[in-house]
file start-v3.txt (compact mmCIF, C-alpha atoms)
# COMPACT_ATOMS: atom_id res chain seq x y z
CA MET A 1 -7.68 -13.10 -3.05
CA THR A 2 -8.47 -9.51 -4.08
CA SER A 3 -12.05 -8.30 -4.47
CA SER A 4 -13.25 -4.93 -5.70
CA TYR A 5 -15.44 -2.59 -3.66
CA ALA A 6 -15.72 0.92 -5.06
CA GLY A 7 -13.88 3.39 -2.86
CA LEU A 8 -12.06 0.76 -0.80
CA LEU A 9 -8.57 0.67 -2.28
CA GLY A 10 -5.99 -1.98 -1.50
CA PHE A 11 -8.61 -4.39 -0.17
CA ARG A 12 -7.70 -8.06 -0.02
CA ASP A 13 -8.25 -11.27 1.89
CA LEU A 14 -4.99 -12.67 3.23
CA GLY A 15 -6.34 -16.20 3.05
CA GLY A 16 -4.15 -18.70 1.25
CA LEU A 17 -0.76 -17.32 2.26
CA ARG A 18 1.52 -20.24 3.09
CA THR A 19 3.16 -20.96 6.42
CA ASN A 20 6.57 -22.52 6.90
CA ASP A 21 5.05 -25.66 8.41
CA GLY A 22 2.64 -26.44 5.58
CA GLY A 23 -0.42 -24.51 6.68
CA ARG A 24 -2.31 -21.67 5.04
CA VAL A 25 -3.89 -18.50 6.36
CA ARG A 26 -7.62 -19.11 6.59
CA HIS A 27 -9.84 -17.42 4.04
CA GLY A 28 -12.42 -14.98 5.29
CA VAL A 29 -10.75 -14.11 8.59
CA LEU A 30 -8.07 -11.44 8.06
CA TYR A 31 -8.45 -8.60 5.55
CA ARG A 32 -6.42 -5.46 4.81
CA SER A 33 -7.13 -2.22 2.94
CA GLY A 34 -6.81 1.52 2.82
CA THR A 35 -9.31 3.80 4.54
CA PRO A 36 -12.97 2.73 4.33
CA GLN A 37 -14.20 6.33 4.52
CA PHE A 38 -14.94 6.49 0.78
CA LEU A 39 -17.35 3.55 0.76
CA ASP A 40 -20.98 4.38 0.09
CA LEU A 41 -23.65 2.69 2.18
CA HIS A 42 -24.73 0.24 -0.51
CA THR A 43 -21.17 -0.93 -1.22
CA ALA A 44 -20.38 -1.15 2.48
CA ARG A 45 -23.39 -3.40 2.97
CA GLU A 46 -22.15 -5.62 0.13
CA LEU A 47 -18.71 -5.78 1.74
CA ILE A 48 -20.06 -6.81 5.14
CA ALA A 49 -22.47 -9.35 3.62
CA ALA A 50 -19.68 -10.95 1.57
CA THR A 51 -16.97 -11.00 4.23
CA GLY A 52 -18.71 -11.01 7.61
CA ILE A 53 -16.25 -8.39 8.89
CA GLN A 54 -17.11 -7.64 12.51
CA ALA A 55 -14.46 -5.05 13.34
CA THR A 56 -11.80 -2.78 11.95
CA ILE A 57 -8.37 -2.28 13.49
CA ASP A 58 -7.72 1.34 12.59
CA LEU A 59 -4.04 2.34 12.50
CA ARG A 60 -4.67 6.02 11.75
CA LEU A 61 -3.81 8.86 14.12
CA PRO A 62 -6.63 10.03 16.41
CA HIS A 63 -7.02 13.34 14.59
CA GLU A 64 -7.12 11.52 11.23
CA ILE A 65 -10.01 9.42 12.46
CA ALA A 66 -11.81 12.44 13.86
CA VAL A 67 -11.52 14.45 10.65
CA GLU A 68 -11.80 11.74 8.01
CA GLY A 69 -14.26 9.36 9.68
CA ARG A 70 -15.07 5.74 8.84
CA GLY A 71 -17.64 6.18 6.12
CA PRO A 72 -20.79 4.09 6.74
CA LEU A 73 -19.18 1.47 9.00
CA ASP A 74 -20.49 3.06 12.18
CA GLU A 75 -24.03 2.97 10.80
CA LEU A 76 -23.53 -0.71 9.97
CA ARG A 77 -22.33 -1.38 13.53
CA VAL A 78 -18.88 -2.61 12.56
CA ALA A 79 -16.82 -2.36 15.75
CA HIS A 80 -14.05 0.22 15.72
CA LEU A 81 -10.76 -0.77 17.37
CA PRO A 82 -8.34 2.19 17.20
CA ASN A 83 -4.70 1.15 17.27
CA PRO A 84 -2.81 4.27 16.14
CA PHE A 85 0.76 3.97 14.93
CA SER A 86 2.74 6.82 16.44
CA ILE A 87 4.07 9.43 13.98
CA PRO A 88 5.75 12.12 16.09
CA ASP A 89 7.19 14.15 13.19
CA THR A 90 4.07 15.21 11.28
CA VAL A 91 4.43 18.56 9.53
CA ALA A 92 1.65 20.08 11.69
CA SER A 93 -0.39 19.00 14.69
CA ASP A 94 -3.50 18.56 12.56
CA SER A 95 -1.71 16.80 9.70
CA ALA A 96 -1.01 13.13 9.04
CA VAL A 97 1.87 13.91 6.69
CA ALA A 98 5.38 13.17 7.89
CA PRO A 99 8.52 13.48 5.77
CA MET A 100 10.04 10.32 4.30
CA VAL A 101 13.75 11.01 4.04
CA GLY A 102 17.10 9.34 3.50
CA ASN A 103 18.40 6.87 0.96
CA ASP A 104 15.75 4.30 1.88
CA PRO A 105 12.71 6.42 2.84
CA LEU A 106 10.15 3.62 3.05
CA VAL A 107 12.20 1.39 5.32
CA THR A 108 13.32 4.36 7.42
CA ARG A 109 9.67 5.29 7.98
CA TYR A 110 8.66 1.70 8.77
CA LEU A 111 11.39 1.37 11.38
CA SER A 112 10.35 4.72 12.85
CA TYR A 113 6.97 3.25 13.79
CA LEU A 114 8.79 0.79 16.03
CA GLU A 115 11.19 3.39 17.36
CA ALA A 116 8.34 5.78 18.26
CA ASP A 117 6.01 3.22 19.85
CA GLU A 118 7.08 -0.40 19.65
CA ALA A 119 4.31 -1.47 22.04
CA GLY A 120 1.66 0.24 19.92
CA ALA A 121 2.76 -1.58 16.79
CA VAL A 122 2.82 -4.93 18.56
CA ALA A 123 -0.61 -4.30 20.12
CA VAL A 124 -2.27 -5.20 16.81
CA LEU A 125 -1.64 -8.88 17.58
CA SER A 126 -3.33 -8.59 20.95
CA ARG A 127 -6.27 -6.86 19.29
CA LEU A 128 -6.75 -9.88 17.04
CA LEU A 129 -7.14 -12.08 20.11
CA GLU A 130 -9.96 -10.00 21.59
CA PRO A 131 -13.44 -11.57 21.51
CA ALA A 132 -15.74 -10.78 18.56
CA THR A 133 -12.91 -9.26 16.50
CA LEU A 134 -12.63 -11.77 13.65
CA PRO A 135 -13.26 -11.51 10.77
CA VAL A 136 -11.42 -8.20 10.85
CA LEU A 137 -10.23 -5.49 8.48
CA VAL A 138 -6.85 -3.91 9.29
CA HIS A 139 -6.37 -0.53 7.65
CA CYS A 140 -4.68 2.86 7.71
CA THR A 141 -5.17 5.51 5.00
CA VAL A 142 -3.31 4.26 1.93
CA GLY A 143 -3.16 0.68 3.22
CA LYS A 144 0.52 0.22 2.44
CA ASP A 145 2.84 1.65 5.09
CA ARG A 146 1.30 1.34 8.55
CA THR A 147 -0.89 -1.52 7.37
CA GLY A 148 2.09 -3.12 5.63
CA VAL A 149 4.11 -3.12 8.85
CA ALA A 150 1.22 -4.35 11.00
CA ILE A 151 0.34 -7.18 8.64
CA ALA A 152 4.00 -8.16 8.23
CA LEU A 153 4.36 -8.49 12.01
CA VAL A 154 1.18 -10.58 12.29
CA LEU A 155 2.08 -12.86 9.40
CA SER A 156 5.67 -13.28 10.59
CA ALA A 157 4.44 -14.18 14.07
CA ILE A 158 2.24 -17.01 12.79
CA GLY A 159 4.99 -18.38 10.55
CA VAL A 160 3.93 -17.21 7.09
CA ARG A 161 6.71 -17.62 4.55
CA ARG A 162 8.80 -14.50 4.09
CA GLY A 163 8.26 -14.62 0.32
CA ASP A 164 4.48 -14.63 0.76
CA ILE A 165 4.61 -11.67 3.16
CA VAL A 166 6.69 -9.73 0.67
CA ALA A 167 4.43 -10.64 -2.26
CA ASP A 168 1.31 -9.57 -0.38
CA TYR A 169 2.87 -6.22 0.53
CA ALA A 170 3.61 -5.57 -3.15
CA ALA A 171 0.13 -6.56 -4.38
CA ALA A 172 -2.26 -4.10 -6.10
CA PRO A 173 0.31 -1.36 -6.94
CA GLU A 174 -2.31 0.50 -8.98
CA ASP A 175 -4.38 0.96 -5.82
CA VAL A 176 -1.35 2.46 -4.06
CA VAL A 177 -1.09 5.10 -6.80
CA ALA A 178 -4.83 5.83 -6.66
CA SER A 179 -4.69 6.13 -2.86
CA MET A 180 -1.75 8.52 -3.01
CA ARG A 181 -3.51 10.68 -5.59
CA ARG A 182 -6.55 11.22 -3.40
CA LEU A 183 -4.52 12.24 -0.33
CA ARG A 184 -4.33 15.81 -1.61
CA GLU A 185 -8.12 16.09 -1.35
CA MET A 186 -8.25 14.80 2.23
CA ALA A 187 -8.45 17.17 5.19
CA SER A 188 -5.63 15.56 7.18
CA TYR A 189 -3.23 15.50 4.21
CA GLY A 190 -3.99 18.23 1.66
CA PRO A 191 -1.18 19.97 -0.26
CA ALA A 192 1.39 18.69 2.29
CA ALA A 193 1.04 15.28 0.62
CA ASP A 194 3.26 16.70 -2.13
CA LEU A 195 6.17 16.28 0.33
CA TYR A 196 6.13 12.52 -0.14
CA PRO A 197 8.99 11.25 -2.32
CA PRO A 198 8.36 9.12 -5.42
CA GLU A 199 9.10 5.97 -3.40
CA ALA A 200 5.96 6.60 -1.34
CA TRP A 201 3.86 5.96 -4.44
CA THR A 202 5.15 2.39 -4.67
CA ALA A 203 5.16 -0.84 -2.69
CA PRO A 204 8.32 -2.55 -3.99
CA PRO A 205 8.84 -6.05 -2.61
CA ASP A 206 12.47 -5.36 -1.76
CA ALA A 207 11.40 -2.60 0.65
CA MET A 208 9.51 -5.10 2.80
CA GLU A 209 12.44 -7.53 2.51
CA ARG A 210 14.78 -4.86 3.82
CA PHE A 211 12.42 -3.89 6.62
CA LEU A 212 12.09 -7.46 7.89
CA ASP A 213 15.86 -7.95 7.58
CA ARG A 214 16.39 -4.84 9.72
CA VAL A 215 13.88 -6.12 12.29
CA ASP A 216 15.92 -9.32 12.46
CA ARG A 217 19.20 -7.46 12.90
CA GLU A 218 18.12 -4.58 15.12
CA HIS A 219 15.24 -6.03 17.14
CA GLY A 220 16.23 -9.69 17.36
CA GLY A 221 13.46 -10.76 14.99
CA VAL A 222 9.69 -10.52 15.21
CA SER A 223 9.38 -13.15 17.99
CA ALA A 224 11.76 -11.24 20.27
CA LEU A 225 9.98 -7.98 19.45
CA LEU A 226 6.64 -9.49 20.46
CA GLN A 227 7.91 -11.11 23.64
CA ARG A 228 9.22 -7.76 24.90
CA HIS A 229 5.59 -6.68 24.98
CA GLU A 230 4.03 -9.78 26.52
CA VAL A 231 3.00 -11.43 23.27
CA GLY A 232 4.72 -14.72 23.95
CA PRO A 233 4.49 -18.27 22.59
CA ASP A 234 1.08 -18.91 24.18
CA GLU A 235 -0.46 -15.85 22.56
CA VAL A 236 1.15 -16.65 19.22
CA GLU A 237 -0.19 -20.21 19.41
CA ARG A 238 -3.69 -18.91 20.10
CA LEU A 239 -3.41 -16.51 17.18
CA SER A 240 -2.13 -19.25 14.89
CA LYS A 241 -5.11 -21.44 15.74
CA LEU A 242 -7.42 -18.61 14.78
CA LEU A 243 -5.67 -17.66 11.56
CA VAL A 244 -4.04 -20.82 10.16
CA THR A 245 -5.58 -23.98 8.77
CA TYR A 246 -4.06 -27.31 7.79
CA ASP A 247 -7.32 -28.57 6.27
CA ILE A 248 -6.55 -29.64 2.71
CA THR A 249 -10.15 -29.09 1.63
CA GLU A 250 -9.83 -25.40 2.54
CA THR A 251 -6.55 -24.92 0.69
CA GLU A 252 -6.68 -27.28 -2.28
CA GLU A 253 -7.99 -24.56 -4.60
CA ASP A 254 -4.88 -22.50 -3.88
CA HIS A 255 -2.61 -25.51 -4.46
CA ALA A 256 -4.29 -26.19 -7.79
CA GLY A 257 -3.22 -22.79 -9.06
CA GLU A 258 0.46 -23.17 -8.18
call {"tool": "encode", "arguments": {"input": "start-v3.txt", "output": "structure tokens"}}
result
Amino acid sequence: MTSSYAGLLGFRDLGGLRTNDGGRVRHGVLYRSGTPQFLDLHTARELIAATGIQATIDLRLPHEIAVEGRGPLDELRVAHLPNPFSIPDTVASDSAVAPMVGNDPLVTRYLSYLEADEAGAVAVLSRLLEPATLPVLVHCTVGKDRTGVAIALVLSAIGVRRGDIVADYAAAPEDVVASMRRLREMASYGPAADLYPPEAWTAPPDAMERFLDRVDREHGGVSALLQRHEVGPDEVERLSKLLVTYDITETEEDHAGE
């Protein structure tokens, strides 16, 4: 389900995504978006009232957070859980822009998050298990790349169908374009955002397919990746209980639309 809140691009509830064993992701528990810094106070209040979001898991770099801020979420006492994805090759120490190169620039960048700090990427799942975190909003700046990887790892861990993960990644392409356009006006991006290749302005489903295929081949799959960082079967089971429902009354509306 996608709702519209002015300034909050790429926002959506991941509820309704299907698991391999017949469950669905619960509605109203796990949300994703781009940066919330452009929300005004009135709209932010509407967002919190409608969703009950208690916390944000913020994947941005520390200097991004310091310069860009969180908009009105601090004033509204939404907990801030920083979980930065490491980007060691930014064009300057005060920039969030890093080149996307090669024949498959999106997938190369996504794999680089794991190569730079595998534990940091996996830590998102542990964050979700912390008390008073859910409902939660997971976000970066555009809400596609770092957020796309984080959400794909979470959804894969709890057994969401690969096709549903891919479809969610590719949702709201117009918001991706709008998010990319406003990077040039942001302090931690600016004119350096022009370095991004055309592929960065898109969220093609096959890019997420290729990324997850590479995780399978090069990291032994998401389960093996998690277990290397002490997110084992017990933690995944706990997370699944929080995020997945098998209650037909909660999912029948989704089934009716299929």
call {"tool": "closest_atom_pairs", "arguments": {"input": "start-v3.txt", "of": "stretch 35-68 of chain A", "to": "stretch 88-107 of chain A", "cutoff": "12 Å", "atoms": "only C-alpha atoms", "output": "Markdown table"}}
result
| residue | atom | partner | partner_atom | distance |
| --- | --- | --- | --- | --- |
| A:Leu59 | CA | A:Ala96 | CA | 11.7 |
| A:Arg60 | CA | A:Ala96 | CA | 8.4 |
| A:Leu61 | CA | A:Ala96 | CA | 7.2 |
| A:Pro62 | CA | A:Ala96 | CA | 9.8 |
| A:His63 | CA | A:Asp94 | CA | 6.6 |
| A:Glu64 | CA | A:Ala96 | CA | 6.7 |
| A:Ile65 | CA | A:Ala96 | CA | 10.3 |
| A:Ala66 | CA | A:Asp94 | CA | 10.4 |
| A:Val67 | CA | A:Asp94 | CA | 9.2 |
| A:Glu68 | CA | A:Ala96 | CA | 10.9 |
call {"tool": "residues_around", "arguments": {"input": "start-v3.txt", "residues": "stretch 214-220 of chain A", "least_positions_apart": "5", "cutoff": "9 Å", "atoms": "all atoms listed in the file", "output": "list of chain:residue names"}}
result
A:Val107, A:Leu111, A:Glu209, A:Leu225
call {"tool": "write_last_selection", "arguments": {"input": "start-v3.txt", "atoms": "C-alpha atoms", "output": "PDB file, in the frame of the given file"}}
result
ATOM      1  CA  VAL A 107      12.200   1.390   5.320  1.00  0.00           C
ATOM      2  CA  LEU A 111      11.390   1.370  11.380  1.00  0.00           C
ATOM      3  CA  GLU A 209      12.440  -7.530   2.510  1.00  0.00           C
ATOM      4  CA  LEU A 225       9.980  -7.980  19.450  1.00  0.00           C
TER       5      LEU A 225
END
call {"tool": "atom_distance", "arguments": {"input": "start-v3.txt", "atom1": "atom CA of A:Gln37", "atom2": "atom CA of A:Leu8"}}
result
8.0 Å
call {"tool": "closest_residue", "arguments": {"input": "start-v3.txt", "among": "A:Ala224, A:Ala192, A:Val149, A:Ala50", "to": "A:Ala207", "atoms": "only C-alpha atoms"}}
result
A:Val149
call {"tool": "residues_around", "arguments": {"input": "start-v3.txt", "residues": "A:Gln227", "least_positions_apart": "2", "cutoff": "12 Å", "atoms": "only C-alpha atoms", "output": "PyMOL selection string"}}
result
chain A and resi 118-119+122-123+125-126+157+219-225+229-236
call {"tool": "closest_atom_pairs", "arguments": {"input": "start-v3.txt", "of": "stretch 8-122 of chain A", "to": "stretch 168-184 of chain A", "cutoff": "10 Å", "atoms": "all atoms listed in the file", "output": "JSON lines"}}
result
{"residue": "A:Leu8", "atom": "CA", "partner": "A:Asp175", "partner_atom": "CA", "distance": 9.2}
{"residue": "A:Leu9", "atom": "CA", "partner": "A:Asp175", "partner_atom": "CA", "distance": 5.5}
{"residue": "A:Gly10", "atom": "CA", "partner": "A:Asp175", "partner_atom": "CA", "distance": 5.5}
{"residue": "A:Phe11", "atom": "CA", "partner": "A:Ala172", "partner_atom": "CA", "distance": 8.7}
{"residue": "A:Arg12", "atom": "CA", "partner": "A:Ala172", "partner_atom": "CA", "distance": 9.1}
{"residue": "A:Asp13", "atom": "CA", "partner": "A:Asp168", "partner_atom": "CA", "distance": 10.0}
{"residue": "A:Leu14", "atom": "CA", "partner": "A:Asp168", "partner_atom": "CA", "distance": 7.9}
{"residue": "A:Leu17", "atom": "CA", "partner": "A:Asp168", "partner_atom": "CA", "distance": 8.4}
{"residue": "A:Ser33", "atom": "CA", "partner": "A:Asp175", "partner_atom": "CA", "distance": 9.7}
{"residue": "A:Gly34", "atom": "CA", "partner": "A:Ser179", "partner_atom": "CA", "distance": 7.6}
{"residue": "A:Thr35", "atom": "CA", "partner": "A:Ser179", "partner_atom": "CA", "distance": 9.0}
{"residue": "A:Val97", "atom": "CA", "partner": "A:Leu183", "partner_atom": "CA", "distance": 9.6}
call {"tool": "build_atoms", "arguments": {"input": "start-v3.txt", "residues": "stretch 28-57 of chain A", "atoms": "N, CA and C atoms", "output": "short mmCIF file (atom, residue, chain, number, x, y, z; two decimals), in the frame of the given file"}}
result
data_model
loop_
_atom_site.label_atom_id
_atom_site.label_comp_id
_atom_site.auth_asym_id
_atom_site.auth_seq_id
_atom_site.Cartn_x
_atom_site.Cartn_y
_atom_site.Cartn_z
N GLY A 28 -11.28 -15.59 4.65
CA GLY A 28 -12.42 -14.98 5.29
C GLY A 28 -12.24 -14.61 6.74
N VAL A 29 -11.01 -14.43 7.18
CA VAL A 29 -10.75 -14.11 8.59
C VAL A 29 -9.99 -12.80 8.75
N LEU A 30 -8.96 -12.60 7.93
CA LEU A 30 -8.07 -11.44 8.06
C LEU A 30 -8.01 -10.71 6.72
N TYR A 31 -8.43 -9.44 6.75
CA TYR A 31 -8.45 -8.60 5.55
C TYR A 31 -7.60 -7.35 5.81
N ARG A 32 -7.16 -6.72 4.71
CA ARG A 32 -6.42 -5.46 4.81
C ARG A 32 -6.91 -4.51 3.72
N SER A 33 -6.71 -3.21 3.94
CA SER A 33 -7.13 -2.22 2.94
C SER A 33 -6.61 -0.85 3.32
N GLY A 34 -6.94 0.12 2.46
CA GLY A 34 -6.81 1.52 2.82
C GLY A 34 -8.06 1.96 3.58
N THR A 35 -8.20 3.26 3.76
CA THR A 35 -9.31 3.80 4.54
C THR A 35 -10.67 3.42 3.95
N PRO A 36 -11.63 3.05 4.81
CA PRO A 36 -12.97 2.73 4.33
C PRO A 36 -13.88 3.95 4.21
N GLN A 37 -13.35 5.15 4.44
CA GLN A 37 -14.20 6.33 4.52
C GLN A 37 -14.88 6.68 3.20
N PHE A 38 -14.38 6.15 2.08
CA PHE A 38 -14.94 6.49 0.78
C PHE A 38 -15.98 5.48 0.29
N LEU A 39 -16.28 4.48 1.10
CA LEU A 39 -17.35 3.55 0.76
C LEU A 39 -18.70 4.26 0.84
N ASP A 40 -19.60 3.94 -0.10
CA ASP A 40 -20.98 4.38 0.09
C ASP A 40 -21.73 3.29 0.86
N LEU A 41 -22.92 3.61 1.32
CA LEU A 41 -23.65 2.69 2.18
C LEU A 41 -23.97 1.38 1.48
N HIS A 42 -24.38 1.46 0.22
CA HIS A 42 -24.73 0.24 -0.51
C HIS A 42 -23.52 -0.68 -0.64
N THR A 43 -22.38 -0.11 -1.03
CA THR A 43 -21.17 -0.93 -1.22
C THR A 43 -20.68 -1.48 0.12
N ALA A 44 -20.78 -0.67 1.16
CA ALA A 44 -20.38 -1.15 2.48
C ALA A 44 -21.23 -2.33 2.92
N ARG A 45 -22.52 -2.27 2.64
CA ARG A 45 -23.39 -3.40 2.97
C ARG A 45 -22.98 -4.65 2.20
N GLU A 46 -22.62 -4.49 0.94
CA GLU A 46 -22.15 -5.62 0.13
C GLU A 46 -20.87 -6.21 0.73
N LEU A 47 -19.97 -5.34 1.14
CA LEU A 47 -18.71 -5.78 1.74
C LEU A 47 -18.97 -6.61 3.00
N ILE A 48 -19.79 -6.11 3.88
CA ILE A 48 -20.06 -6.81 5.14
C ILE A 48 -20.78 -8.12 4.88
N ALA A 49 -21.74 -8.12 3.93
CA ALA A 49 -22.47 -9.35 3.62
C ALA A 49 -21.54 -10.41 3.05
N ALA A 50 -20.57 -9.99 2.23
CA ALA A 50 -19.68 -10.95 1.57
C ALA A 50 -18.57 -11.46 2.49
N THR A 51 -18.15 -10.65 3.43
CA THR A 51 -16.97 -11.00 4.23
C THR A 51 -17.29 -11.33 5.68
N GLY A 52 -18.39 -10.82 6.19
CA GLY A 52 -18.71 -11.01 7.61
C GLY A 52 -17.84 -10.20 8.55
N ILE A 53 -17.13 -9.20 8.04
CA ILE A 53 -16.25 -8.39 8.89
C ILE A 53 -17.02 -7.84 10.08
N GLN A 54 -16.48 -8.10 11.27
CA GLN A 54 -17.11 -7.64 12.51
C GLN A 54 -16.47 -6.39 13.08
N ALA A 55 -15.20 -6.16 12.72
CA ALA A 55 -14.46 -5.05 13.34
C ALA A 55 -13.40 -4.54 12.38
N THR A 56 -12.97 -3.32 12.62
CA THR A 56 -11.80 -2.78 11.95
C THR A 56 -10.75 -2.44 13.00
N ILE A 57 -9.50 -2.76 12.70
CA ILE A 57 -8.37 -2.28 13.49
C ILE A 57 -7.81 -1.10 12.71
#
